[in-house]
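Chemist: Structure file entry-v7.cif (mmCIF, C-alpha atoms) right here:
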```
data_entry
loop_
_atom_site.group_PDB
_atom_site.id
_atom_site.type_symbol
_atom_site.label_atom_id
_atom_site.label_comp_id
_atom_site.auth_asym_id
_atom_site.auth_seq_id
_atom_site.Cartn_x
_atom_site.Cartn_y
_atom_site.Cartn_z
ATOM 1 C CA MET J 704 36.990 -52.011 -12.298
ATOM 2 C CA SER J 705 37.425 -53.440 -15.768
ATOM 3 C CA ASP J 706 35.099 -50.763 -17.200
ATOM 4 C CA PHE J 707 37.326 -48.075 -15.724
ATOM 5 C CA LEU J 708 40.424 -49.767 -17.175
ATOM 6 C CA LYS J 709 38.793 -49.999 -20.633
ATOM 7 C CA LEU J 710 37.825 -46.316 -20.493
ATOM 8 C CA PHE J 711 41.304 -45.299 -19.339
ATOM 9 C CA LEU J 712 43.072 -47.334 -22.032
ATOM 10 C CA GLY J 713 40.650 -46.054 -24.673
ATOM 11 C CA LEU J 714 41.321 -42.430 -23.709
ATOM 12 C CA LEU J 715 45.052 -43.093 -23.582
ATOM 13 C CA LEU J 716 44.948 -44.598 -27.080
ATOM 14 C CA VAL J 717 43.016 -41.594 -28.434
ATOM 15 C CA ILE J 718 45.525 -39.174 -26.871
ATOM 16 C CA VAL J 719 48.483 -41.094 -28.314
ATOM 17 C CA VAL J 720 46.917 -41.175 -31.797
ATOM 18 C CA ILE J 721 46.138 -37.439 -31.680
ATOM 19 C CA TYR J 722 49.696 -36.687 -30.533
ATOM 20 C CA PHE J 723 51.266 -38.626 -33.408
ATOM 21 C CA VAL J 724 48.866 -37.163 -35.981
ATOM 22 C CA LEU J 725 49.765 -33.656 -34.773
ATOM 23 C CA GLN J 726 53.467 -34.487 -35.020
ATOM 24 C CA VAL J 727 53.073 -35.736 -38.603
ATOM 25 C CA PHE J 728 50.921 -32.811 -39.737
ATOM 26 C CA GLU J 729 52.520 -30.159 -37.490
ATOM 27 C CA LYS J 730 53.791 -28.073 -40.404
ATOM 28 C CA THR J 731 50.395 -28.044 -42.104
ATOM 29 C CA VAL J 732 48.485 -27.274 -38.916
ATOM 30 C CA THR J 733 50.760 -24.662 -37.325
ATOM 31 C CA GLU J 734 52.717 -22.885 -40.084
ATOM 32 C CA GLU J 735 52.253 -19.123 -40.094
ATOM 33 C CA THR J 736 54.096 -16.043 -41.304
ATOM 34 C CA ILE J 737 54.794 -13.453 -38.619
ATOM 35 C CA SER J 738 56.867 -10.314 -38.094
ATOM 36 C CA ILE J 739 59.599 -10.389 -35.469
ATOM 37 C CA LYS J 740 62.299 -8.044 -34.191
ATOM 38 C CA VAL J 741 65.418 -9.866 -33.000
ATOM 39 C CA ASP J 742 66.541 -8.817 -29.513
ATOM 40 C CA LYS J 743 69.165 -11.498 -28.900
ATOM 41 C CA ILE J 744 70.623 -14.560 -30.638
ATOM 42 C CA GLU J 745 72.155 -17.417 -28.696
ATOM 43 C CA LYS J 746 74.063 -20.308 -30.291
ATOM 44 C CA VAL J 747 73.472 -23.601 -28.484
ATOM 45 C CA VAL J 748 75.228 -26.942 -28.952
ATOM 46 C CA THR J 749 73.186 -29.897 -27.699
ATOM 47 C CA ASP J 750 74.536 -33.083 -26.130
ATOM 48 C CA ASP J 751 74.255 -34.716 -29.585
ATOM 49 C CA ASP J 752 76.556 -32.008 -31.076
ATOM 50 C CA GLU J 753 73.600 -30.456 -32.901
ATOM 51 C CA VAL J 754 73.943 -26.704 -33.379
ATOM 52 C CA LEU J 755 70.832 -24.570 -33.022
ATOM 53 C CA TYR J 756 70.121 -20.914 -32.479
ATOM 54 C CA LEU J 757 67.677 -19.425 -29.985
ATOM 55 C CA ILE J 758 66.212 -16.177 -31.303
ATOM 56 C CA TYR J 759 64.838 -13.945 -28.567
ATOM 57 C CA THR J 760 62.110 -11.411 -29.372
ATOM 58 C CA LYS J 761 59.975 -9.217 -27.164
ATOM 59 C CA ASN J 762 57.100 -11.714 -26.912
ATOM 60 C CA GLU J 763 58.567 -15.128 -27.661
ATOM 61 C CA ILE J 764 61.689 -17.244 -28.035
ATOM 62 C CA PHE J 765 62.132 -19.074 -31.352
ATOM 63 C CA GLU J 766 64.442 -21.886 -32.394
ATOM 64 C CA ASN J 767 66.395 -22.043 -35.593
ATOM 65 C CA ARG J 768 67.298 -25.707 -35.947
ATOM 66 C CA ASN J 769 67.377 -28.274 -38.691
ATOM 67 C CA ASN J 770 64.317 -30.466 -38.734
ATOM 68 C CA TYR J 771 64.027 -33.239 -41.271
ATOM 69 C CA GLN J 772 60.299 -33.568 -40.648
ATOM 70 C CA TYR J 773 59.513 -30.217 -42.345
ATOM 71 C CA PRO J 774 62.112 -30.620 -44.241
ATOM 72 C CA LYS J 775 64.552 -27.932 -43.148
ATOM 73 C CA GLU J 776 68.312 -28.175 -43.423
ATOM 74 C CA ASN J 777 69.448 -24.536 -43.502
ATOM 75 C CA GLU J 778 69.818 -23.422 -39.888
ATOM 76 C CA SER J 779 73.418 -22.294 -40.336
ATOM 77 C CA LYS J 780 72.549 -20.062 -43.315
ATOM 78 C CA GLN J 781 69.572 -18.511 -41.525
ATOM 79 C CA GLY J 782 71.561 -18.021 -38.329
ATOM 80 C CA ILE J 783 74.032 -15.889 -40.254
ATOM 81 C CA LYS J 784 71.278 -13.819 -41.919
ATOM 82 C CA LEU J 785 69.558 -12.846 -38.668
ATOM 83 C CA LYS J 786 70.974 -9.719 -37.018
ATOM 84 C CA ILE J 787 70.248 -8.314 -33.562
ATOM 85 C CA GLY J 788 67.993 -5.252 -33.693
ATOM 86 C CA SER J 789 66.651 -6.067 -37.173
ATOM 87 C CA SER J 790 63.091 -6.951 -38.092
ATOM 88 C CA TYR J 791 62.037 -9.826 -40.329
ATOM 89 C CA ARG J 792 59.000 -11.601 -41.709
ATOM 90 C CA VAL J 793 59.498 -15.287 -41.015
ATOM 91 C CA LYS J 794 57.597 -18.537 -41.397
ATOM 92 C CA VAL J 795 57.389 -20.411 -38.134
ATOM 93 C CA VAL J 796 56.200 -23.917 -37.346
ATOM 94 C CA GLY J 797 55.238 -25.309 -33.990
ATOM 95 C CA PHE J 798 52.809 -25.021 -31.173
ATOM 96 C CA ASN J 799 52.724 -21.898 -29.024
ATOM 97 C CA PHE J 800 50.876 -22.817 -25.851
ATOM 98 C CA GLY J 801 52.390 -20.044 -23.758
ATOM 99 C CA VAL J 802 53.889 -22.667 -21.446
ATOM 100 C CA LYS J 803 56.488 -25.338 -22.102
ATOM 101 C CA LEU J 804 54.942 -28.788 -22.490
ATOM 102 C CA PRO J 805 57.252 -31.819 -22.213
ATOM 103 C CA LEU J 806 56.038 -33.750 -25.268
ATOM 104 C CA PHE J 807 56.246 -30.820 -27.686
ATOM 105 C CA LEU J 808 59.261 -28.768 -28.695
ATOM 106 C CA GLY J 809 59.824 -25.893 -26.332
ATOM 107 C CA HIS J 810 59.843 -23.167 -28.959
ATOM 108 C CA ARG J 811 58.483 -22.620 -32.442
ATOM 109 C CA ASN J 812 61.015 -23.199 -35.212
ATOM 110 C CA ILE J 813 61.842 -20.591 -37.852
ATOM 111 C CA VAL J 814 61.718 -22.508 -41.119
ATOM 112 C CA GLU J 815 62.144 -19.652 -43.579
ATOM 113 C CA ILE J 816 63.038 -15.972 -43.658
ATOM 114 C CA VAL J 817 60.423 -14.488 -45.988
ATOM 115 C CA ASP J 818 61.475 -10.835 -46.040
ATOM 116 C CA THR J 819 64.554 -9.094 -44.675
ATOM 117 C CA LYS J 820 63.568 -5.571 -45.658
ATOM 118 C CA SER J 821 62.826 -2.912 -43.101
ATOM 119 C CA ILE J 822 59.612 -3.869 -41.315
ATOM 120 C CA ILE J 823 57.764 -1.791 -38.762
ATOM 121 C CA ILE J 824 56.392 -3.827 -35.862
ATOM 122 C CA LEU J 825 53.608 -2.185 -33.900
ATOM 123 C CA ASN J 826 53.861 -3.999 -30.546
#
```
Could the structure of this file be written out as structure tokens, please?
Modeler:
Amino acid sequence: MSDFLKLFLGLLLVIVVIYFVLQVFEKTVTEETISIKVDKIEKVVTDDDEVLYLIYTKNEIFENRNNYQYPKENESKQGIKLKIGSSYRVKVVGFNFGVKLPLFLGHRNIVEIVDTKSIIILN
């Protein structure tokens, strides 16, 4: 039984280390520039009085929230720039697993609006 416990604790330690390494290097590992067309914008106030925006597109929901890990402190300015029905090139950070996992943020975060000119999205 002790061999099983050692194996279990070893695997648990490896998983915890990988999780924290991914959290620290999330921006480096997952940052990409994509084209989106905004279908809906929803302003959300969390229990901690943090304001964030949920940006709905055809294929995915994105967050626009301040995150001091990236660093990003401009959610209110970006929330004003985004308009429903418009297309943008944006930099996003986060994991997109297709399902919501409890230990990761639910949606990728828009960290920068790269281009606000007219963009044609072929989806």
Chemist: In Å, with one decimal, what is the gap from CA of Val741 in chain J to CA of Leu785 in chain J?
Modeler: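 These atoms are spaced 7.6 Å apart.
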Chemist: Which distance in Å separates CA of Ile787 in chain J and CA of Thr733 in chain J, to one decimal?
Modeler: 25.7 Å
Chemist: So which residues get picked by the PyMOL selection byres ((chain J and resi 791) around 6) here, written as a ChimeraX atom specification?
Modeler: /J:738-739,790,792,818-819
Chemist: Restricting it to C-alpha atoms, dump the selection as a PDB file, keeping the file's coordinate frame.
Modeler:
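Output contents, as saved in out14.pdb:
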```
ATOM      1  CA  SER J 738      56.867 -10.314 -38.094  1.00  0.00           C
ATOM      2  CA  ILE J 739      59.599 -10.389 -35.469  1.00  0.00           C
ATOM      3  CA  SER J 790      63.091  -6.951 -38.092  1.00  0.00           C
ATOM      4  CA  ARG J 792      59.000 -11.601 -41.709  1.00  0.00           C
ATOM      5  CA  ASP J 818      61.475 -10.835 -46.040  1.00  0.00           C
ATOM      6  CA  THR J 819      64.554  -9.094 -44.675  1.00  0.00           C
TER       7      THR J 819
END
```
Chemist: Name the residues captured by the PyMOL selection byres ((chain J and resi 797) around 6) when it is applied to the shown file; answer as number ranges by chain.
Modeler: J: 733, 796, 798, 811
Chemist: Let's have the selection written as an mmCIF file, in the frame of the given file, with C-alpha atoms.
Modeler:
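Printed below is result_19.cif as written:
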```cif
data_model
loop_
_atom_site.group_PDB
_atom_site.id
_atom_site.type_symbol
_atom_site.label_atom_id
_atom_site.label_comp_id
_atom_site.auth_asym_id
_atom_site.auth_seq_id
_atom_site.Cartn_x
_atom_site.Cartn_y
_atom_site.Cartn_z
ATOM 1 C CA THR J 733 50.760 -24.662 -37.325
ATOM 2 C CA VAL J 796 56.200 -23.917 -37.346
ATOM 3 C CA PHE J 798 52.809 -25.021 -31.173
ATOM 4 C CA ARG J 811 58.483 -22.620 -32.442
#
```
Chemist: Pick out the closest residue to Lys786 in chain J from this set: J:Phe723, J:Ser705, J:Val748, J:Asp742. Count all atoms listed in the file.
Modeler: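 Using all atoms listed in the file, the shortest distance to Lys786 in chain J belongs to J:Asp742.
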Chemist: Between CA of Val719 in chain J and CA of Val814 in chain J, what is the distance, to one decimal in Å?
Modeler: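 If I compute the distance from CA of Val719 in chain J to CA of Val814 in chain J, I get 26.2 Å.
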Chemist: Can you work out which one of J:Leu708, J:Glu735, J:Arg768, J:Lys761 has the shortest atom-to-atom distance to Val747 in chain J, counting only C-alpha atoms?
Modeler: J:Arg768
Chemist: For each of J:Lys743, J:Thr736, J:Lys794, J:Asn812, take the minimum atom-to-atom distance to Leu755 in chain J, counting only C-alpha atoms, then give the residue where this is smallest.
Modeler: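 Using only C-alpha atoms, the shortest distance to Leu755 in chain J belongs to J:Asn812.
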